Amino acid sequence: LLSLQQFLTADEPKSWFGRSIQFANALVTGNFAATYDSPAPGVTTMWAGTLGLLLDYIRQGFPGDLALFLATVPFDPLDPSILPLIRLPAVLVATGTALLTFTWGRQILGRNTALLAALLLALDPFLLALTRILGHDGLVTLFMWLSLLAFLRATLIGPKTDRTMLVISGLLGGLAFLTKYPALFLGAFIAVILLVFHWRRHQTWWGTLRTWTIEILLWSVAAGAVFVFLWPAMWVDPVGRVLAIANDALRASGSAHPKGSFFFGQPVADPGTSFYLIVSLFKTTPVVLLGVLLSLITLFAGWRKGYHAGPWFKATVIFILFSVLFWAVVTVGGKKQDRYILPAFPSLAALAAIGYMYLPRI
């Protein structure tokens, strides 16, 4: 919450703040098709900016017609006094994420481990930086992490899936999809992990497929409902919007960033397969990095001593798989920026907490 007005990133005024003004105006005037501006799609980012605009409208004492107010908001250059307000929603989501990491994580990881994971997440400098601005990388990371954590809470505690938590995971997954399309990885990951869980429980393909189909439909319907409900452009042209996102995802996965990248002192189109590994080493704190290494030792030692039935052990495996597979997915794409790897960082924080707290016990 501190000093939110003291800096400005390049994307905020012309991209996300400008889009937020357009999004808010489209809501006020009923021009729902205009709530689409980018296949990113960045919808939750524009909602965050819209909430900030409404807060500024209230702060100024409701100065006349809202549509007229939106038409006169300065954004290039941007009025510095509005910066804390348009950034506040993302800051509050980040704060809530830390609290939910402890609340949902304590039954999976244990109270002290969940507390340490929440603290590492709250104090992660890379995540802090990208949740103190109006942008979509911080928000997609938070929603993906909460969806994954809710999914683990639904599946790792008790003999049966907690379908209420599964629906909550789907709702959060829908928010992630609304934010940035790489979150589609989350849906595929959860579908595969859920299939493995049920196969291990049922031991028959019929029982596995029947239960898996019901539960993945619950998750998907919840995600889809949020995706449609919170994006009015989907009410007007759902097929067109989905195709636009799919086409942009295919384009981004096969081509380099139009502006290129700067890597090891050289301008390059595609910085290559080592890019995100090196970025992660630079962006991860030594505390988290050491903890991740300890978690790998903990996993091996726990497997040898028969701890593999515990929820913390299964969660450790899933956090490792999520981090590695997400790294592989963004590495395959030609368009690379350091912030694109951010969704893997909450899992790294959780792994670090597991390493510090469980290794001494094994």
# chains A, B, ... in the order shown; residues from 1 in each chain; ligands from 1
$ select_by_dssp --residues "region 147-303 of chain A" --states "strand (DSSP E or B)" --output "PyMOL selection string"
chain A and resi 180+261-263+266-268
$ residues_around --residues "region 65-69 of chain A" --least-positions-apart "4" --cutoff "9 Å" --atoms "only C-alpha atoms" --output "ChimeraX atom specification"
/A:24-25,28-29,54,57,73
$ write_last_selection --atoms "all heavy atoms" --output "PDB file, in the first residue's frame"
ATOM      1  N   ALA A  24     -14.820   0.837 -18.698  1.00  0.00           N
ATOM      2  CA  ALA A  24     -15.795   1.460 -17.804  1.00  0.00           C
ATOM      3  C   ALA A  24     -16.853   2.212 -18.602  1.00  0.00           C
ATOM      4  O   ALA A  24     -18.051   2.137 -18.287  1.00  0.00           O
ATOM      5  CB  ALA A  24     -15.079   2.394 -16.834  1.00  0.00           C
ATOM      6  N   ASN A  25     -16.429   2.921 -19.620  1.00  0.00           N
ATOM      7  CA  ASN A  25     -17.382   3.664 -20.445  1.00  0.00           C
ATOM      8  C   ASN A  25     -18.341   2.723 -21.168  1.00  0.00           C
ATOM      9  O   ASN A  25     -19.534   3.010 -21.307  1.00  0.00           O
ATOM     10  CB  ASN A  25     -16.629   4.525 -21.452  1.00  0.00           C
ATOM     11  CG  ASN A  25     -17.563   5.422 -22.245  1.00  0.00           C
ATOM     12  OD1 ASN A  25     -18.173   6.348 -21.709  1.00  0.00           O
ATOM     13  ND2 ASN A  25     -17.680   5.146 -23.536  1.00  0.00           N
ATOM     14  N   VAL A  28     -20.960   1.651 -18.706  1.00  0.00           N
ATOM     15  CA  VAL A  28     -21.905   2.733 -18.394  1.00  0.00           C
ATOM     16  C   VAL A  28     -22.882   2.957 -19.539  1.00  0.00           C
ATOM     17  O   VAL A  28     -24.082   3.169 -19.321  1.00  0.00           O
ATOM     18  CB  VAL A  28     -21.132   4.029 -18.075  1.00  0.00           C
ATOM     19  CG1 VAL A  28     -22.083   5.227 -17.984  1.00  0.00           C
ATOM     20  CG2 VAL A  28     -20.360   3.884 -16.776  1.00  0.00           C
ATOM     21  N   THR A  29     -22.399   2.907 -20.783  1.00  0.00           N
ATOM     22  CA  THR A  29     -23.229   3.197 -21.948  1.00  0.00           C
ATOM     23  C   THR A  29     -23.949   1.974 -22.508  1.00  0.00           C
ATOM     24  O   THR A  29     -24.777   2.102 -23.410  1.00  0.00           O
ATOM     25  CB  THR A  29     -22.373   3.822 -23.067  1.00  0.00           C
ATOM     26  OG1 THR A  29     -21.328   2.898 -23.448  1.00  0.00           O
ATOM     27  CG2 THR A  29     -21.744   5.134 -22.585  1.00  0.00           C
ATOM     28  N   LEU A  54     -13.832   4.382 -10.381  1.00  0.00           N
ATOM     29  CA  LEU A  54     -15.004   4.654  -9.552  1.00  0.00           C
ATOM     30  C   LEU A  54     -14.590   5.237  -8.200  1.00  0.00           C
ATOM     31  O   LEU A  54     -15.253   6.139  -7.665  1.00  0.00           O
ATOM     32  CB  LEU A  54     -15.818   3.378  -9.354  1.00  0.00           C
ATOM     33  CG  LEU A  54     -16.544   2.854 -10.589  1.00  0.00           C
ATOM     34  CD1 LEU A  54     -17.220   1.517 -10.284  1.00  0.00           C
ATOM     35  CD2 LEU A  54     -17.574   3.865 -11.095  1.00  0.00           C
ATOM     36  N   TYR A  57     -13.825   8.774  -8.806  1.00  0.00           N
ATOM     37  CA  TYR A  57     -15.101   9.492  -9.000  1.00  0.00           C
ATOM     38  C   TYR A  57     -15.731   9.815  -7.644  1.00  0.00           C
ATOM     39  O   TYR A  57     -16.224  10.924  -7.411  1.00  0.00           O
ATOM     40  CB  TYR A  57     -16.016   8.612  -9.841  1.00  0.00           C
ATOM     41  CG  TYR A  57     -17.385   9.183 -10.134  1.00  0.00           C
ATOM     42  CD1 TYR A  57     -17.548  10.292 -10.967  1.00  0.00           C
ATOM     43  CD2 TYR A  57     -18.522   8.592  -9.590  1.00  0.00           C
ATOM     44  CE1 TYR A  57     -18.813  10.797 -11.258  1.00  0.00           C
ATOM     45  CE2 TYR A  57     -19.794   9.082  -9.866  1.00  0.00           C
ATOM     46  CZ  TYR A  57     -19.930  10.179 -10.696  1.00  0.00           C
ATOM     47  OH  TYR A  57     -21.187  10.674 -10.985  1.00  0.00           O
ATOM     48  N   VAL A  73     -11.182  12.024 -18.039  1.00  0.00           N
ATOM     49  CA  VAL A  73     -10.080  11.551 -17.189  1.00  0.00           C
ATOM     50  C   VAL A  73      -8.772  11.642 -17.975  1.00  0.00           C
ATOM     51  O   VAL A  73      -8.652  11.066 -19.055  1.00  0.00           O
ATOM     52  CB  VAL A  73     -10.313  10.098 -16.732  1.00  0.00           C
ATOM     53  CG1 VAL A  73      -9.066   9.545 -16.046  1.00  0.00           C
ATOM     54  CG2 VAL A  73     -11.497  10.017 -15.785  1.00  0.00           C
TER      55      VAL A  73
END
$ residues_around --residues "Thr95 (chain A)" --least-positions-apart "2" --cutoff "12 Å" --atoms "only C-alpha atoms" --output "compact mmCIF listing (two decimals) with N, CA and C atoms, in the first residue's frame"
# COMPACT_ATOMS: atom_id res chain seq x y z
N LEU A 1 0.81 -1.22 0.00
CA LEU A 1 0.00 0.00 0.00
C LEU A 1 0.84 1.27 0.00
N LEU A 88 -4.93 -0.10 -6.29
CA LEU A 88 -5.42 -0.65 -5.03
C LEU A 88 -6.09 -2.02 -5.18
N PRO A 89 -6.95 -2.27 -6.18
CA PRO A 89 -7.59 -3.58 -6.26
C PRO A 89 -6.60 -4.74 -6.36
N ALA A 90 -5.56 -4.60 -7.17
CA ALA A 90 -4.57 -5.68 -7.28
C ALA A 90 -3.83 -5.88 -5.97
N VAL A 91 -3.53 -4.78 -5.28
CA VAL A 91 -2.86 -4.88 -3.98
C VAL A 91 -3.72 -5.66 -2.99
N LEU A 92 -5.02 -5.39 -3.00
CA LEU A 92 -5.93 -6.09 -2.08
C LEU A 92 -6.07 -7.56 -2.45
N VAL A 93 -6.07 -7.87 -3.74
CA VAL A 93 -6.11 -9.28 -4.16
C VAL A 93 -4.85 -10.00 -3.69
N THR A 97 -4.64 -13.06 -1.14
CA THR A 97 -3.99 -14.31 -1.56
C THR A 97 -3.07 -14.84 -0.47
N ALA A 98 -2.33 -13.95 0.17
CA ALA A 98 -1.45 -14.38 1.25
C ALA A 98 -2.27 -14.98 2.40
N LEU A 99 -3.39 -14.35 2.73
CA LEU A 99 -4.24 -14.85 3.81
C LEU A 99 -4.85 -16.21 3.45
N LEU A 100 -5.32 -16.35 2.21
CA LEU A 100 -5.91 -17.62 1.79
C LEU A 100 -4.86 -18.71 1.65
N THR A 101 -3.63 -18.34 1.34
CA THR A 101 -2.55 -19.33 1.30
C THR A 101 -2.40 -19.99 2.65
N PHE A 102 -2.49 -19.20 3.71
CA PHE A 102 -2.43 -19.78 5.06
C PHE A 102 -3.71 -20.55 5.38
N ALA A 118 2.84 -18.49 3.23
CA ALA A 118 2.12 -17.23 3.05
C ALA A 118 3.06 -16.03 3.19
N LEU A 119 3.97 -16.11 4.16
CA LEU A 119 4.93 -15.01 4.36
C LEU A 119 5.90 -14.89 3.19
N LEU A 121 5.32 -15.80 0.17
CA LEU A 121 4.54 -15.29 -0.96
C LEU A 121 4.31 -13.79 -0.82
N ALA A 122 3.94 -13.35 0.38
CA ALA A 122 3.65 -11.94 0.61
C ALA A 122 4.88 -11.06 0.43
N LEU A 123 6.06 -11.61 0.72
CA LEU A 123 7.29 -10.81 0.69
C LEU A 123 8.13 -11.06 -0.56
N LEU A 127 6.86 -10.83 -7.19
CA LEU A 127 5.40 -10.79 -7.12
C LEU A 127 4.92 -9.45 -6.56
N LEU A 128 5.61 -8.92 -5.56
CA LEU A 128 5.26 -7.60 -5.02
C LEU A 128 5.31 -6.53 -6.11
N THR A 131 2.33 -6.85 -8.55
CA THR A 131 0.99 -6.66 -8.02
C THR A 131 0.81 -5.25 -7.47
N ARG A 132 1.80 -4.39 -7.66
CA ARG A 132 1.69 -2.97 -7.26
C ARG A 132 1.49 -2.08 -8.48
N LEU A 139 -1.97 -10.37 -11.49
CA LEU A 139 -3.30 -10.90 -11.22
C LEU A 139 -3.45 -12.34 -11.70
N LEU A 142 -1.83 -14.65 -9.18
CA LEU A 142 -2.59 -14.82 -7.94
C LEU A 142 -3.79 -15.74 -8.14
$ closest_atom_pairs --of "region 70-115 of chain A" --to "region 155-174 of chain A" --cutoff "10 Å" --atoms "only C-alpha atoms" --output "CSV"
residue,atom,partner,partner_atom,distance
A:Trp104,CA,A:Met165,CA,9.9
A:Gln107,CA,A:Ile157,CA,7.3
A:Ile108,CA,A:Ile157,CA,7.0
$ closest_residue --among "A:Val268, A:Ala48, A:Arg153, A:Ile214" --to "Leu109 (chain A)" --atoms "only C-alpha atoms"
A:Arg153
$ decode --residues "region 169-183 of chain A" --atoms "all heavy atoms" --output "compact mmCIF listing (two decimals), in the first residue's frame"
# COMPACT_ATOMS: atom_id res chain seq x y z
N SER A 169 -12.32 -23.56 -6.84
CA SER A 169 -11.13 -23.62 -7.70
C SER A 169 -11.49 -23.25 -9.13
O SER A 169 -10.76 -22.51 -9.80
CB SER A 169 -10.53 -25.02 -7.64
OG SER A 169 -9.48 -25.15 -8.58
N GLY A 170 -12.63 -23.77 -9.62
CA GLY A 170 -13.06 -23.44 -10.97
C GLY A 170 -13.38 -21.96 -11.13
O GLY A 170 -13.02 -21.35 -12.16
N LEU A 171 -14.03 -21.37 -10.14
CA LEU A 171 -14.34 -19.93 -10.21
C LEU A 171 -13.05 -19.10 -10.30
O LEU A 171 -12.96 -18.16 -11.09
CB LEU A 171 -15.14 -19.51 -8.98
CG LEU A 171 -16.55 -20.13 -8.83
CD1 LEU A 171 -17.14 -19.77 -7.48
CD2 LEU A 171 -17.46 -19.68 -9.97
N LEU A 172 -12.07 -19.47 -9.50
CA LEU A 172 -10.78 -18.76 -9.54
C LEU A 172 -10.05 -19.03 -10.86
O LEU A 172 -9.37 -18.15 -11.39
CB LEU A 172 -9.92 -19.21 -8.36
CG LEU A 172 -10.43 -18.71 -6.99
CD1 LEU A 172 -9.82 -19.53 -5.86
CD2 LEU A 172 -10.10 -17.23 -6.81
N GLY A 173 -10.20 -20.26 -11.38
CA GLY A 173 -9.64 -20.55 -12.69
C GLY A 173 -10.26 -19.68 -13.77
O GLY A 173 -9.56 -19.21 -14.68
N GLY A 174 -11.57 -19.44 -13.67
CA GLY A 174 -12.23 -18.56 -14.61
C GLY A 174 -11.67 -17.14 -14.55
O GLY A 174 -11.48 -16.48 -15.58
N LEU A 175 -11.39 -16.66 -13.34
CA LEU A 175 -10.76 -15.33 -13.20
C LEU A 175 -9.38 -15.31 -13.84
O LEU A 175 -8.97 -14.32 -14.44
CB LEU A 175 -10.67 -14.96 -11.72
CG LEU A 175 -11.99 -14.65 -11.02
CD1 LEU A 175 -11.77 -14.46 -9.52
CD2 LEU A 175 -12.63 -13.40 -11.61
N ALA A 176 -8.64 -16.42 -13.68
CA ALA A 176 -7.32 -16.50 -14.31
C ALA A 176 -7.43 -16.47 -15.82
O ALA A 176 -6.67 -15.77 -16.51
CB ALA A 176 -6.61 -17.77 -13.85
N PHE A 177 -8.40 -17.22 -16.40
CA PHE A 177 -8.60 -17.21 -17.85
C PHE A 177 -8.96 -15.82 -18.35
O PHE A 177 -8.54 -15.41 -19.43
CB PHE A 177 -9.71 -18.19 -18.25
CG PHE A 177 -9.46 -19.62 -17.88
CD1 PHE A 177 -10.51 -20.50 -17.71
CD2 PHE A 177 -8.17 -20.10 -17.69
CE1 PHE A 177 -10.30 -21.82 -17.36
CE2 PHE A 177 -7.93 -21.42 -17.34
CZ PHE A 177 -9.00 -22.29 -17.17
N LEU A 178 -9.78 -15.10 -17.56
CA LEU A 178 -10.17 -13.75 -17.93
C LEU A 178 -8.99 -12.79 -17.92
O LEU A 178 -9.04 -11.73 -18.56
CB LEU A 178 -11.24 -13.22 -16.96
CG LEU A 178 -12.69 -13.61 -17.23
CD1 LEU A 178 -13.57 -13.10 -16.10
CD2 LEU A 178 -13.18 -13.05 -18.56
N THR A 179 -7.96 -13.15 -17.21
CA THR A 179 -6.82 -12.25 -17.04
C THR A 179 -5.80 -12.41 -18.16
O THR A 179 -5.38 -11.43 -18.79
CB THR A 179 -6.14 -12.48 -15.68
OG1 THR A 179 -7.14 -12.43 -14.66
CG2 THR A 179 -5.08 -11.43 -15.41
N LYS A 180 -5.41 -13.67 -18.43
CA LYS A 180 -4.37 -13.90 -19.43
C LYS A 180 -4.47 -15.34 -19.92
O LYS A 180 -4.58 -16.26 -19.11
CB LYS A 180 -2.99 -13.63 -18.82
CG LYS A 180 -1.89 -13.40 -19.84
CD LYS A 180 -0.60 -12.96 -19.16
CE LYS A 180 0.48 -12.71 -20.21
NZ LYS A 180 1.76 -12.35 -19.59
N TYR A 181 -4.39 -15.55 -21.24
CA TYR A 181 -4.68 -16.88 -21.77
C TYR A 181 -3.65 -17.96 -21.43
O TYR A 181 -4.00 -19.15 -21.49
CB TYR A 181 -4.93 -16.85 -23.28
CG TYR A 181 -3.84 -16.23 -24.13
CD1 TYR A 181 -2.62 -16.85 -24.32
CD2 TYR A 181 -4.06 -15.03 -24.77
CE1 TYR A 181 -1.64 -16.28 -25.10
CE2 TYR A 181 -3.09 -14.45 -25.57
CZ TYR A 181 -1.89 -15.08 -25.74
OH TYR A 181 -0.93 -14.52 -26.54
N PRO A 182 -2.40 -17.67 -21.04
CA PRO A 182 -1.55 -18.78 -20.57
C PRO A 182 -2.13 -19.53 -19.38
O PRO A 182 -1.69 -20.64 -19.07
CB PRO A 182 -0.23 -18.07 -20.21
CG PRO A 182 -0.19 -16.90 -21.12
CD PRO A 182 -1.62 -16.44 -21.22
N ALA A 183 -3.14 -18.93 -18.71
CA ALA A 183 -3.80 -19.62 -17.61
C ALA A 183 -4.54 -20.86 -18.09
O ALA A 183 -4.91 -21.71 -17.26
CB ALA A 183 -4.79 -18.67 -16.92
